[in-house]
Structure formats: C-alpha cells, structure tokens
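A.B. asks: File follows, start-v6.csv with CSV, C-alpha atoms:
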```csv
chain,number,residue,atom,x,y,z
A,1374,MET,CA,104.1,70.0,261.7
A,1375,MET,CA,107.1,68.2,260.1
A,1376,GLU,CA,104.7,65.7,258.5
A,1377,GLN,CA,102.5,68.5,257.1
A,1378,ASP,CA,105.6,70.2,255.6
A,1379,THR,CA,106.7,67.0,254.0
A,1380,VAL,CA,103.2,66.5,252.5
A,1381,MET,CA,103.2,70.1,251.2
A,1382,GLU,CA,106.6,69.6,249.6
A,1383,LYS,CA,105.5,66.4,247.9
A,1384,LYS,CA,102.3,68.0,246.7
A,1385,ASN,CA,104.3,70.9,245.2
A,1386,ASN,CA,106.6,68.6,243.3
A,1387,ALA,CA,105.2,68.7,239.8
A,1388,GLY,CA,108.5,67.2,238.5
A,1389,LEU,CA,110.4,67.7,235.3
A,1390,TYR,CA,107.6,67.1,232.8
A,1391,ARG,CA,104.5,68.6,234.4
A,1392,GLY,CA,106.6,71.3,236.3
A,1393,TRP,CA,108.8,72.6,233.5
A,1394,ILE,CA,108.2,71.2,230.1
A,1395,LYS,CA,104.4,70.8,229.7
A,1396,PHE,CA,103.3,74.3,228.8
A,1397,TRP,CA,100.6,73.6,226.3
A,1398,ASN,CA,97.0,74.1,227.5
A,1399,ARG,CA,98.4,76.8,229.8
A,1400,ASN,CA,98.5,80.6,229.4
A,1401,PHE,CA,101.1,82.7,227.5
A,1402,GLU,CA,103.0,83.5,230.7
A,1403,ARG,CA,103.4,79.8,231.4
A,1404,TRP,CA,104.8,79.4,227.9
A,1405,LEU,CA,107.2,82.3,228.5
A,1406,TYR,CA,108.3,80.5,231.8
A,1407,ALA,CA,109.0,77.3,230.0
A,1408,MET,CA,110.9,79.1,227.3
A,1409,HIS,CA,112.9,81.1,229.9
A,1410,ARG,CA,114.0,77.8,231.5
A,1411,ILE,CA,114.8,76.0,228.2
A,1412,THR,CA,116.7,79.0,226.8
A,1413,GLY,CA,118.6,79.5,230.1
A,1414,VAL,CA,119.8,76.0,230.2
A,1415,GLY,CA,120.7,76.0,226.5
A,1416,VAL,CA,122.7,79.2,226.7
A,1417,GLY,CA,124.3,78.0,230.0
A,1418,ILE,CA,125.5,74.8,228.3
A,1419,TYR,CA,126.7,76.9,225.3
A,1420,PHE,CA,128.6,79.2,227.7
A,1421,VAL,CA,130.6,76.3,229.1
A,1422,ALA,CA,131.3,75.0,225.6
A,1423,HIS,CA,132.3,78.6,224.5
A,1424,ILE,CA,134.9,78.8,227.4
A,1425,TRP,CA,136.4,75.5,226.1
A,1426,GLU,CA,136.3,76.8,222.5
A,1427,THR,CA,138.1,80.0,223.3
A,1428,SER,CA,140.7,78.3,225.4
A,1429,ASN,CA,141.9,76.9,222.0
A,1430,ALA,CA,142.7,80.5,221.0
A,1431,ALA,CA,145.0,80.7,224.1
A,1432,GLN,CA,146.7,77.5,223.0
A,1433,ALA,CA,147.2,79.0,219.6
A,1434,PHE,CA,148.7,82.1,221.1
A,1435,LEU,CA,151.2,80.0,223.1
A,1436,ASP,CA,152.1,78.1,219.9
A,1437,VAL,CA,152.7,81.5,218.1
A,1438,GLU,CA,154.9,82.6,220.9
A,1439,LYS,CA,157.0,79.4,220.3
A,1440,GLY,CA,157.3,80.3,216.6
A,1441,LEU,CA,154.6,78.0,215.4
A,1442,THR,CA,151.4,78.8,213.5
A,1443,PRO,CA,148.0,79.3,215.2
A,1444,VAL,CA,146.8,76.0,213.6
A,1445,VAL,CA,144.8,74.9,216.7
A,1446,TRP,CA,142.5,77.9,216.3
A,1447,THR,CA,142.3,78.0,212.5
A,1448,ASP,CA,141.6,74.3,212.3
A,1449,LEU,CA,138.8,74.6,215.0
A,1450,MET,CA,137.3,77.6,213.1
A,1451,SER,CA,137.4,75.7,209.9
A,1452,PHE,CA,135.7,72.7,211.6
A,1453,LEU,CA,133.0,74.9,213.0
A,1454,ALA,CA,132.3,76.9,209.9
A,1455,ASN,CA,129.4,74.8,208.5
A,1456,TYR,CA,125.6,75.0,208.3
A,1457,ALA,CA,125.0,72.7,211.2
A,1458,PHE,CA,127.1,74.6,213.8
A,1459,HIS,CA,125.9,78.0,212.5
A,1460,THR,CA,122.3,76.8,212.8
A,1461,GLY,CA,123.2,75.9,216.4
A,1462,LEU,CA,124.8,79.4,216.9
A,1463,LEU,CA,121.6,81.0,215.5
A,1464,LEU,CA,119.5,79.2,218.0
A,1465,VAL,CA,121.9,80.3,220.8
A,1466,ALA,CA,121.7,83.9,219.7
A,1467,ALA,CA,117.9,83.8,219.6
A,1468,ALA,CA,117.8,82.0,223.0
A,1469,ALA,CA,120.2,84.6,224.5
A,1470,VAL,CA,118.1,87.5,223.3
A,1471,PHE,CA,114.9,86.0,224.4
A,1472,HIS,CA,116.3,85.0,227.9
A,1473,SER,CA,117.8,88.5,228.4
A,1474,LEU,CA,114.7,90.5,227.5
A,1475,ASN,CA,112.3,88.1,229.3
A,1476,GLY,CA,114.6,88.3,232.3
A,1477,VAL,CA,114.0,92.1,232.3
A,1478,ARG,CA,110.2,91.5,232.1
A,1479,LEU,CA,110.4,89.1,235.1
A,1480,VAL,CA,112.5,91.5,237.3
A,1481,MET,CA,110.1,94.4,236.5
A,1482,SER,CA,107.0,92.3,237.1
A,1483,GLU,CA,108.5,91.0,240.4
A,1484,GLN,CA,108.8,94.7,241.5
A,1485,GLY,CA,105.1,95.1,240.6
A,1486,TRP,CA,105.7,97.5,237.8
A,1487,LEU,CA,104.1,95.7,234.9
A,1488,ILE,CA,101.2,94.0,236.6
A,1489,GLY,CA,97.7,95.0,237.7
A,1490,LYS,CA,96.7,96.1,241.1
A,1491,VAL,CA,95.4,93.4,243.5
A,1492,THR,CA,91.6,93.4,243.5
A,1493,ARG,CA,88.8,91.4,245.3
A,1494,PRO,CA,88.6,88.0,243.5
A,1495,THR,CA,85.5,87.9,241.3
A,1496,TYR,CA,84.5,85.6,238.4
A,1497,PRO,CA,86.4,84.7,236.2
A,1498,PHE,CA,89.1,85.0,238.9
A,1499,LEU,CA,91.8,86.3,236.6
A,1500,PRO,CA,94.9,86.9,238.7
A,1501,SER,CA,96.0,90.5,239.0
A,1502,SER,CA,99.5,89.5,237.9
A,1503,LEU,CA,98.1,88.7,234.5
A,1504,ARG,CA,96.7,92.2,234.0
A,1505,GLY,CA,98.8,95.2,233.2
A,1506,SER,CA,101.3,95.6,230.4
A,1507,GLN,CA,103.5,92.6,231.1
A,1508,ARG,CA,101.7,90.4,228.6
A,1509,GLN,CA,102.1,93.0,225.8
A,1510,ILE,CA,105.7,93.3,226.7
A,1511,GLY,CA,106.0,89.5,226.6
A,1512,ILE,CA,104.6,89.5,223.0
A,1513,ALA,CA,107.0,92.3,222.1
A,1514,ILE,CA,109.9,90.3,223.5
A,1515,VAL,CA,109.1,87.3,221.3
A,1516,ILE,CA,108.8,89.6,218.2
A,1517,ALA,CA,112.1,91.4,219.1
A,1518,SER,CA,113.8,87.9,219.5
A,1519,PHE,CA,112.8,87.0,215.9
A,1520,VAL,CA,114.0,90.4,214.6
A,1521,LEU,CA,117.4,90.1,216.2
A,1522,MET,CA,117.5,86.5,215.1
A,1523,ALA,CA,117.2,87.7,211.5
A,1524,PHE,CA,120.3,89.9,212.1
A,1525,ALA,CA,122.1,86.9,213.6
A,1526,PHE,CA,121.1,84.8,210.5
A,1527,TYR,CA,122.6,87.5,208.2
A,1528,GLN,CA,125.9,87.5,210.2
A,1529,LEU,CA,126.1,83.7,210.5
A,1530,PHE,CA,125.0,82.6,207.1
A,1531,VAL,CA,125.5,85.6,204.7
A,1532,VAL,CA,128.6,87.2,206.2
A,1533,ALA,CA,130.4,84.2,207.7
A,1534,LEU,CA,129.4,81.4,205.3
A,1535,GLY,CA,128.8,83.5,202.2
A,1536,VAL,CA,125.4,82.0,201.4
B,324,MET,CA,123.9,83.3,252.2
B,325,LYS,CA,120.1,83.8,252.3
B,326,GLU,CA,118.3,82.7,249.1
B,327,SER,CA,116.7,86.1,248.8
B,328,LYS,CA,120.2,87.7,248.6
B,329,ILE,CA,121.4,85.1,246.1
B,330,MET,CA,118.3,85.8,243.9
B,331,LEU,CA,119.0,89.6,244.2
B,332,LEU,CA,122.6,88.8,242.9
B,333,GLN,CA,121.1,86.7,240.2
B,334,TYR,CA,119.0,89.8,239.0
B,335,ILE,CA,122.0,92.2,239.3
B,336,THR,CA,124.4,89.9,237.4
B,337,GLY,CA,121.6,89.3,234.8
B,338,ALA,CA,121.2,93.1,234.2
B,339,CYS,CA,125.0,93.5,233.9
B,340,ILE,CA,125.2,90.5,231.5
B,341,LEU,CA,122.5,92.1,229.3
B,342,VAL,CA,124.7,95.2,228.8
B,343,LEU,CA,128.0,93.4,228.4
B,344,GLY,CA,126.4,90.7,226.2
B,345,ALA,CA,125.0,93.3,223.9
B,346,ALA,CA,128.5,94.9,223.7
B,347,HIS,CA,130.0,91.4,223.0
B,348,PHE,CA,127.5,90.9,220.1
B,349,ALA,CA,128.2,94.4,218.8
B,350,LEU,CA,132.0,93.8,219.0
B,351,LEU,CA,131.7,90.6,217.0
B,352,THR,CA,129.5,92.0,214.3
B,353,SER,CA,130.5,95.7,214.0
B,354,PRO,CA,133.4,95.6,211.5
B,355,SER,CA,132.4,96.0,207.9
B,356,ASP,CA,132.8,92.3,207.1
B,357,GLY,CA,131.4,91.2,210.5
B,358,LEU,CA,132.0,87.7,211.8
B,359,LYS,CA,134.2,86.8,208.9
B,360,THR,CA,136.9,89.1,210.2
B,361,THR,CA,136.4,88.9,214.0
B,362,LEU,CA,137.0,85.2,214.2
B,363,THR,CA,140.4,85.2,212.6
B,364,PHE,CA,143.3,84.6,215.0
B,365,ASN,CA,144.8,88.1,214.7
B,366,SER,CA,141.4,89.7,215.4
B,367,VAL,CA,140.7,87.4,218.4
B,368,GLN,CA,144.1,88.3,219.8
B,369,SER,CA,143.7,92.0,219.4
B,370,ILE,CA,140.2,91.8,221.0
B,371,TYR,CA,141.5,89.9,224.0
B,372,VAL,CA,144.4,92.3,224.5
B,373,ALA,CA,142.1,95.4,224.2
B,374,TYR,CA,139.1,94.1,226.2
B,375,GLY,CA,140.7,91.4,228.5
B,376,LEU,CA,139.7,92.9,231.8
B,377,ILE,CA,136.1,93.5,230.6
B,378,PHE,CA,136.0,89.9,229.4
B,379,GLU,CA,137.1,88.9,232.9
B,380,LEU,CA,134.2,90.9,234.5
B,381,PHE,CA,131.8,89.3,231.9
B,382,LEU,CA,133.2,85.8,232.9
B,383,VAL,CA,132.7,86.4,236.6
B,384,LEU,CA,129.1,87.6,236.1
B,385,LEU,CA,128.3,84.7,233.7
B,386,SER,CA,129.9,82.0,235.8
B,387,PHE,CA,127.7,83.1,238.8
B,388,HIS,CA,124.5,83.7,236.8
B,389,VAL,CA,124.7,80.5,234.7
B,390,PHE,CA,125.6,78.1,237.5
B,391,ASN,CA,123.3,79.7,240.1
B,392,GLY,CA,120.6,79.4,237.4
B,393,PHE,CA,121.3,75.7,237.0
B,394,ARG,CA,121.2,75.3,240.8
B,395,LYS,CA,117.9,77.1,241.1
B,396,VAL,CA,116.3,75.0,238.4
B,397,LEU,CA,117.6,71.7,239.9
B,398,ILE,CA,116.7,72.4,243.5
B,399,GLU,CA,113.1,73.1,242.4
B,400,LEU,CA,112.8,69.4,241.9
B,401,TYR,CA,112.5,69.1,245.7
B,402,GLN,CA,114.5,65.9,246.3
B,403,GLY,CA,115.4,66.7,249.9
B,404,LYS,CA,118.1,68.5,251.9
B,405,THR,CA,121.0,66.2,250.9
B,406,TYR,CA,120.1,66.6,247.2
B,407,GLU,CA,120.0,70.4,247.5
B,408,THR,CA,123.4,70.5,249.3
B,409,ALA,CA,124.9,68.2,246.7
B,410,VAL,CA,123.5,70.3,243.8
B,411,SER,CA,124.8,73.5,245.4
B,412,TRP,CA,128.3,72.1,245.8
B,413,ILE,CA,128.5,70.6,242.3
B,414,MET,CA,127.3,73.9,240.8
B,415,LEU,CA,129.8,75.8,242.9
B,416,LEU,CA,132.6,73.6,241.7
B,417,GLY,CA,131.4,73.7,238.1
B,418,GLY,CA,131.2,77.5,238.2
B,419,GLY,CA,134.6,77.7,239.8
B,420,ALA,CA,136.2,75.4,237.2
B,421,THR,CA,134.6,77.3,234.3
B,422,PHE,CA,135.8,80.6,235.8
B,423,VAL,CA,139.3,79.4,236.3
B,424,TRP,CA,139.5,77.9,232.8
B,425,GLY,CA,138.2,81.2,231.2
B,426,THR,CA,140.5,83.3,233.3
B,427,ARG,CA,143.5,81.2,232.1
B,428,THR,CA,142.6,82.1,228.5
B,429,ILE,CA,142.4,85.8,229.3
B,430,LEU,CA,145.7,85.7,231.3
B,431,VAL,CA,147.5,83.9,228.5
B,432,PHE,CA,146.5,86.7,226.0
B,433,LEU,CA,147.4,89.4,228.5
B,434,GLU,CA,150.8,87.6,228.8
B,435,VAL,CA,150.5,87.1,232.5
B,436,LEU,CA,150.6,83.3,232.0
B,437,HIS,CA,153.0,81.6,229.6
```
What's the structure tokens form of this structure?
C.D. replies:
Amino acid sequence: MMEQDTVMEKKNNAGLYRGWIKFWNRNFERWLYAMHRITGVGVGIYFVAHIWETSNAAQAFLDVEKGLTPVVWTDLMSFLANYAFHTGLLLVAAAAVFHSLNGVRLVMSEQGWLIGKVTRPTYPFLPSSLRGSQRQIGIAIVIASFVLMAFAFYQLFVVALGV
Amino acid sequence: MKESKIMLLQYITGACILVLGAAHFALLTSPSDGLKTTLTFNSVQSIYVAYGLIFELFLVLLSFHVFNGFRKVLIELYQGKTYETAVSWIMLLGGGATFVWGTRTILVFLEVLH
C-alpha cells in the first residue's frame, strides 16, 4: 500500500513547468489557474516589499518627532516616482484585481454554484465543471481587470506622474 | 490544524481582503488629486492615525493569506514530508516576521512605540 501511494504521488508530480506554467494547448480554465498562481505569487511578493516600503514612513515619523524632516519618506517617494516603478505598480494593481475576482469565482465554483450538474459521461466527455456560468464569469473577470487597470493607469501615470 | 480548515480560513481571509483591499484602493485614489496627494508624508500620517486599527486587521488577514498561499503552492510540488514541514515552518516564520514588521509601523504612527 505504501509503495502504491508513493507511485501515485510521483505520477501526480507534474512539477513547476508542466504543473503550473505550461498553460498553452489547454482550456480557458487552465489559463485562469496559471494566472491565479502567477498573480498570487506576484502580489504576495509585492505585499512583503510594501511592508518594508511603508516602514520607512514610520522611520520618517520618528525623525519628525525628533525635530528632523521626513526626508527618509520623501526621498523614497522621489526615487519610486518614475515610469519603471509605476509600470510595476500598474501590473500589481491588475494582478490584485484579477486574483481577487478570480478567487471569488473559484470559491463559488467549489460550492457548486457556477458549474453544471453531474451527468453520465458521454462523448465528447466534457466535464460538468466546465459547463455552467463559471466560464462566462471568467471572461468577465478578465475584462473587468483590464477596465480597472485603465483606472490604475490614469492614477499612476496621469495623476501621479503628470503624463 | 486540518488542511480543510486552513483552506476554509484561506477563503474567509480572501473574502475579507477583497473588501478591505477595495477600500484601500479607494482611500488612495479618492481625493480630488488622487495618488499625488495621498503619498505625501502628512497624508500618510493622517491615514495611519485614522485607519491604523483597520490596517492592522488588513495586515493580519494578508499575512495569513499570502504566506499560506505560498505554502500551498510550494507543497504541491510533492517533495516529501520533511520538505512539507520545512516549507510550513519557513512560511510561518516569514508570515510572522512580516506581521511584526507591519505592526511596528502602525504602532509607531499610533504613538504606542517610540
């Protein structure tokens, strides 16, 4: 039994490339799965960087209390106010929106709300989970992400950088 | 804790983050001159003083959701029990450290830490 389990575990191990990244030649849901992973990891890394970034504001606050200027914060903001960093923030905003909305789709699908009813498998053997409204909602999520990305573009480039 | 309960927490924290995250974006972009104003030091200070406790709640939720997300992604590589335990501990420590560092920022602005 132990040996069988080990074999099953190895068979199931598609690895980093085939398991996560390689989403071409697959269906739309597989593409959404890969994007959910990529955006989740990206926003997660940004979160840690953001905690470090905002800790500089606390240092500036302590400096102001000592009668100094908040130069730590103002210098950091000046350093970050350029096209490269704002492009990065634009991608983070898009990733956060996509990850959030797709997360809602996943939770709802897992509850069986957006997927088709289980039926007897007949040709062409389309899984019931691919029927229902979850695919249309997936498409709507991608469109909504681009729309909100346009608002983020306006804030980051037009308002903040004065393009 | 059972993985099913951890996953349920992942969903609950995700739903709360969606609401608080939307509020965070709205807070940063709502003034008439948007991001240009909200990132100045005085504005950042007033935001932390007004919403410090909500930020702390946001930080708790994000620390759990992000690092548990990393953990779930990494343990799916199926490298064995020792690997899974190591990943879980590293993510716990990473999440804890991020939470503590973020909490320090909030406590400094609320003048609890000097």
A.B. asks: Tell me as a list in words which residues belonging to chain A come within 7 Å of chain B, counting only C-alpha atoms.
C.D. replies: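 Close enough to count are Asn1386, Gly1388, Val1414, Gly1417, Val1421, Ile1424, Ser1428, Ala1431, Leu1435, Trp1446, Ser1473, Val1480, Gln1528, Val1532 and Ala1533 of chain A.
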A.B. asks: Which one is closest to Ser1518 of chain A: A:Asn1429, A:Thr1492, A:Thr1412, A:Thr1447? Count all atoms listed in the file.
C.D. replies: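 Of the candidates, the smallest distance to Ser1518 of chain A is held by A:Thr1412.
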A.B. asks: List as a ChimeraX atom specification the protein and nucleic acid residues near Val1465 of chain A, meaning an atom at most 8 Å away when all atoms listed in the file are counted, but skip any in the same chain fewer than 6 places from it.
C.D. replies: /A:1415-1416,1419
A.B. asks: Grab the atom CA of Val1531 of chain A to atom CA of Phe1452 of chain A distance for me, in Å with one decimal place.
C.D. replies: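 Atom-to-atom, atom CA of Val1531 of chain A and atom CA of Phe1452 of chain A are spaced 17.8 Å apart.
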A.B. asks: One decimal, Å: what's the distance from atom CA of Tyr1406 of chain A over to atom CA of Phe1471 of chain A, could you say?
C.D. replies: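 Value for the atom CA of Tyr1406 of chain A-atom CA of Phe1471 of chain A distance: 11.3 Å.
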A.B. asks: Which one is closest to Ile1510 of chain A: A:Ala1430, A:Ala1466, A:Leu1534, A:Leu1474? Count all atoms listed in the file.
C.D. replies: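 Between A:Ala1430, A:Ala1466, A:Leu1534, A:Leu1474, the residue approaching Ile1510 of chain A most closely is A:Leu1474.
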A.B. asks: What lies within 12 Å of Ala1517 of chain A using only C-alpha atoms, ignoring chain neighbours under 5 positions off, as a list of chain:residue names?
C.D. replies: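 Everything that qualifies: A:Ala1467, A:Ala1468, A:Ala1469, A:Val1470, A:Phe1471, A:His1472, A:Ser1473, A:Leu1474, A:Asn1475, A:Ile1510, A:Gly1511, A:Ile1512, A:Met1522, A:Ala1523, A:Phe1524.
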A.B. asks: Val1445 of chain A: which residues within 9 Å, counting only C-alpha atoms, same-chain residues fewer than 4 positions away excluded, as a JSON list (two decimals) with C-alpha atoms, in the coordinates of the input?
C.D. replies:
```
[["chain", "number", "residue", "atom", "x", "y", "z"],
["A", 1429, "ASN", "CA", 141.90, 76.90, 222.00],
["A", 1430, "ALA", "CA", 142.70, 80.50, 221.00],
["A", 1432, "GLN", "CA", 146.70, 77.50, 223.00],
["A", 1433, "ALA", "CA", 147.20, 79.00, 219.60],
["A", 1436, "ASP", "CA", 152.10, 78.10, 219.90],
["A", 1449, "LEU", "CA", 138.80, 74.60, 215.00],
["A", 1450, "MET", "CA", 137.30, 77.60, 213.10]]
```
A.B. asks: Report the distance between atom CA of Leu332 of chain B and atom CA of Ser1506 of chain A in Å, rounded to one decimal place.
C.D. replies: 25.6 Å
A.B. asks: Which is closer to Arg1508 of chain A than all the others in A:Tyr1527, A:Leu1405, A:Gly1392, A:Val1520, using all atoms listed in the file?
C.D. replies: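 Checking each candidate against Arg1508 of chain A, we get A:Leu1405 as the closest.
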A.B. asks: Report as a CSV table (one decimal) with C-alpha atoms, in the frame of the given file all protein, DNA and RNA residues lying within 12 Å of Tyr374 of chain B, evaluated on all atoms listed in the file, omitting residues in the same chain fewer than 4 positions from it.
C.D. replies:
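Output saved as selection.csv:
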```
chain,number,residue,atom,x,y,z
B,343,LEU,CA,128.0,93.4,228.4
B,346,ALA,CA,128.5,94.9,223.7
B,347,HIS,CA,130.0,91.4,223.0
B,350,LEU,CA,132.0,93.8,219.0
B,366,SER,CA,141.4,89.7,215.4
B,367,VAL,CA,140.7,87.4,218.4
B,368,GLN,CA,144.1,88.3,219.8
B,369,SER,CA,143.7,92.0,219.4
B,370,ILE,CA,140.2,91.8,221.0
B,378,PHE,CA,136.0,89.9,229.4
B,379,GLU,CA,137.1,88.9,232.9
B,380,LEU,CA,134.2,90.9,234.5
B,381,PHE,CA,131.8,89.3,231.9
B,429,ILE,CA,142.4,85.8,229.3
B,430,LEU,CA,145.7,85.7,231.3
B,432,PHE,CA,146.5,86.7,226.0
B,433,LEU,CA,147.4,89.4,228.5
```
A.B. asks: Please produce segment 1437-1464 of chain A, completed to N, CA and C atoms, as a PDB file, keeping the file's coordinate frame.
C.D. replies:
```pdb
ATOM      1  N   VAL A1437     152.068  80.356 218.851  1.00  0.00           N
ATOM      2  CA  VAL A1437     152.700  81.500 218.100  1.00  0.00           C
ATOM      3  C   VAL A1437     153.879  82.020 218.793  1.00  0.00           C
ATOM      4  N   GLU A1438     153.787  82.111 220.105  1.00  0.00           N
ATOM      5  CA  GLU A1438     154.900  82.600 220.900  1.00  0.00           C
ATOM      6  C   GLU A1438     156.157  81.705 220.750  1.00  0.00           C
ATOM      7  N   LYS A1439     155.886  80.398 220.510  1.00  0.00           N
ATOM      8  CA  LYS A1439     157.000  79.400 220.300  1.00  0.00           C
ATOM      9  C   LYS A1439     157.465  79.408 218.868  1.00  0.00           C
ATOM     10  N   GLY A1440     156.896  80.267 218.038  1.00  0.00           N
ATOM     11  CA  GLY A1440     157.300  80.300 216.600  1.00  0.00           C
ATOM     12  C   GLY A1440     156.500  79.434 215.728  1.00  0.00           C
ATOM     13  N   LEU A1441     155.425  78.818 216.241  1.00  0.00           N
ATOM     14  CA  LEU A1441     154.600  78.000 215.400  1.00  0.00           C
ATOM     15  C   LEU A1441     153.416  78.755 214.836  1.00  0.00           C
ATOM     16  N   THR A1442     152.580  78.117 214.059  1.00  0.00           N
ATOM     17  CA  THR A1442     151.400  78.800 213.500  1.00  0.00           C
ATOM     18  C   THR A1442     150.184  78.554 214.418  1.00  0.00           C
ATOM     19  N   PRO A1443     149.165  79.454 214.363  1.00  0.00           N
ATOM     20  CA  PRO A1443     148.000  79.300 215.200  1.00  0.00           C
ATOM     21  C   PRO A1443     147.028  78.193 214.655  1.00  0.00           C
ATOM     22  N   VAL A1444     147.580  77.048 214.301  1.00  0.00           N
ATOM     23  CA  VAL A1444     146.800  76.000 213.600  1.00  0.00           C
ATOM     24  C   VAL A1444     145.671  75.451 214.459  1.00  0.00           C
ATOM     25  N   VAL A1445     145.874  75.455 215.788  1.00  0.00           N
ATOM     26  CA  VAL A1445     144.800  74.900 216.700  1.00  0.00           C
ATOM     27  C   VAL A1445     143.539  75.725 216.499  1.00  0.00           C
ATOM     28  N   TRP A1446     143.679  77.046 216.431  1.00  0.00           N
ATOM     29  CA  TRP A1446     142.500  77.900 216.300  1.00  0.00           C
ATOM     30  C   TRP A1446     141.934  77.874 214.880  1.00  0.00           C
ATOM     31  N   THR A1447     142.809  77.985 213.889  1.00  0.00           N
ATOM     32  CA  THR A1447     142.300  78.000 212.500  1.00  0.00           C
ATOM     33  C   THR A1447     141.633  76.697 212.131  1.00  0.00           C
ATOM     34  N   ASP A1448     142.193  75.581 212.606  1.00  0.00           N
ATOM     35  CA  ASP A1448     141.600  74.300 212.300  1.00  0.00           C
ATOM     36  C   ASP A1448     140.181  74.185 212.997  1.00  0.00           C
ATOM     37  N   LEU A1449     140.106  74.678 214.245  1.00  0.00           N
ATOM     38  CA  LEU A1449     138.800  74.600 215.000  1.00  0.00           C
ATOM     39  C   LEU A1449     137.780  75.487 214.259  1.00  0.00           C
ATOM     40  N   MET A1450     138.197  76.679 213.827  1.00  0.00           N
ATOM     41  CA  MET A1450     137.300  77.600 213.100  1.00  0.00           C
ATOM     42  C   MET A1450     136.796  76.972 211.814  1.00  0.00           C
ATOM     43  N   SER A1451     137.733  76.307 211.114  1.00  0.00           N
ATOM     44  CA  SER A1451     137.400  75.700 209.900  1.00  0.00           C
ATOM     45  C   SER A1451     136.361  74.528 210.120  1.00  0.00           C
ATOM     46  N   PHE A1452     136.601  73.780 211.210  1.00  0.00           N
ATOM     47  CA  PHE A1452     135.700  72.700 211.600  1.00  0.00           C
ATOM     48  C   PHE A1452     134.305  73.172 211.909  1.00  0.00           C
ATOM     49  N   LEU A1453     134.253  74.338 212.580  1.00  0.00           N
ATOM     50  CA  LEU A1453     133.000  74.900 213.000  1.00  0.00           C
ATOM     51  C   LEU A1453     132.204  75.655 211.973  1.00  0.00           C
ATOM     52  N   ALA A1454     132.898  76.035 210.899  1.00  0.00           N
ATOM     53  CA  ALA A1454     132.300  76.900 209.900  1.00  0.00           C
ATOM     54  C   ALA A1454     131.438  76.019 208.911  1.00  0.00           C
ATOM     55  N   ASN A1455     130.281  75.592 209.348  1.00  0.00           N
ATOM     56  CA  ASN A1455     129.400  74.800 208.500  1.00  0.00           C
ATOM     57  C   ASN A1455     127.929  75.125 208.877  1.00  0.00           C
ATOM     58  N   TYR A1456     126.992  74.674 208.053  1.00  0.00           N
ATOM     59  CA  TYR A1456     125.600  75.000 208.300  1.00  0.00           C
ATOM     60  C   TYR A1456     125.075  74.459 209.626  1.00  0.00           C
ATOM     61  N   ALA A1457     125.529  73.266 210.002  1.00  0.00           N
ATOM     62  CA  ALA A1457     125.000  72.700 211.200  1.00  0.00           C
ATOM     63  C   ALA A1457     125.399  73.489 212.464  1.00  0.00           C
ATOM     64  N   PHE A1458     126.682  73.821 212.577  1.00  0.00           N
ATOM     65  CA  PHE A1458     127.100  74.600 213.800  1.00  0.00           C
ATOM     66  C   PHE A1458     126.562  76.019 213.728  1.00  0.00           C
ATOM     67  N   HIS A1459     126.475  76.592 212.540  1.00  0.00           N
ATOM     68  CA  HIS A1459     125.900  78.000 212.500  1.00  0.00           C
ATOM     69  C   HIS A1459     124.433  77.993 212.771  1.00  0.00           C
ATOM     70  N   THR A1460     123.742  76.906 212.444  1.00  0.00           N
ATOM     71  CA  THR A1460     122.300  76.800 212.800  1.00  0.00           C
ATOM     72  C   THR A1460     122.243  76.768 214.371  1.00  0.00           C
ATOM     73  N   GLY A1461     123.161  76.009 214.978  1.00  0.00           N
ATOM     74  CA  GLY A1461     123.200  75.900 216.400  1.00  0.00           C
ATOM     75  C   GLY A1461     123.494  77.317 217.052  1.00  0.00           C
ATOM     76  N   LEU A1462     124.445  78.057 216.430  1.00  0.00           N
ATOM     77  CA  LEU A1462     124.800  79.400 216.900  1.00  0.00           C
ATOM     78  C   LEU A1462     123.574  80.355 216.764  1.00  0.00           C
ATOM     79  N   LEU A1463     122.822  80.165 215.682  1.00  0.00           N
ATOM     80  CA  LEU A1463     121.600  81.000 215.500  1.00  0.00           C
ATOM     81  C   LEU A1463     120.615  80.760 216.581  1.00  0.00           C
ATOM     82  N   LEU A1464     120.433  79.506 216.951  1.00  0.00           N
ATOM     83  CA  LEU A1464     119.500  79.200 218.000  1.00  0.00           C
ATOM     84  C   LEU A1464     120.011  79.754 219.368  1.00  0.00           C
TER      85      LEU A1464
END
```
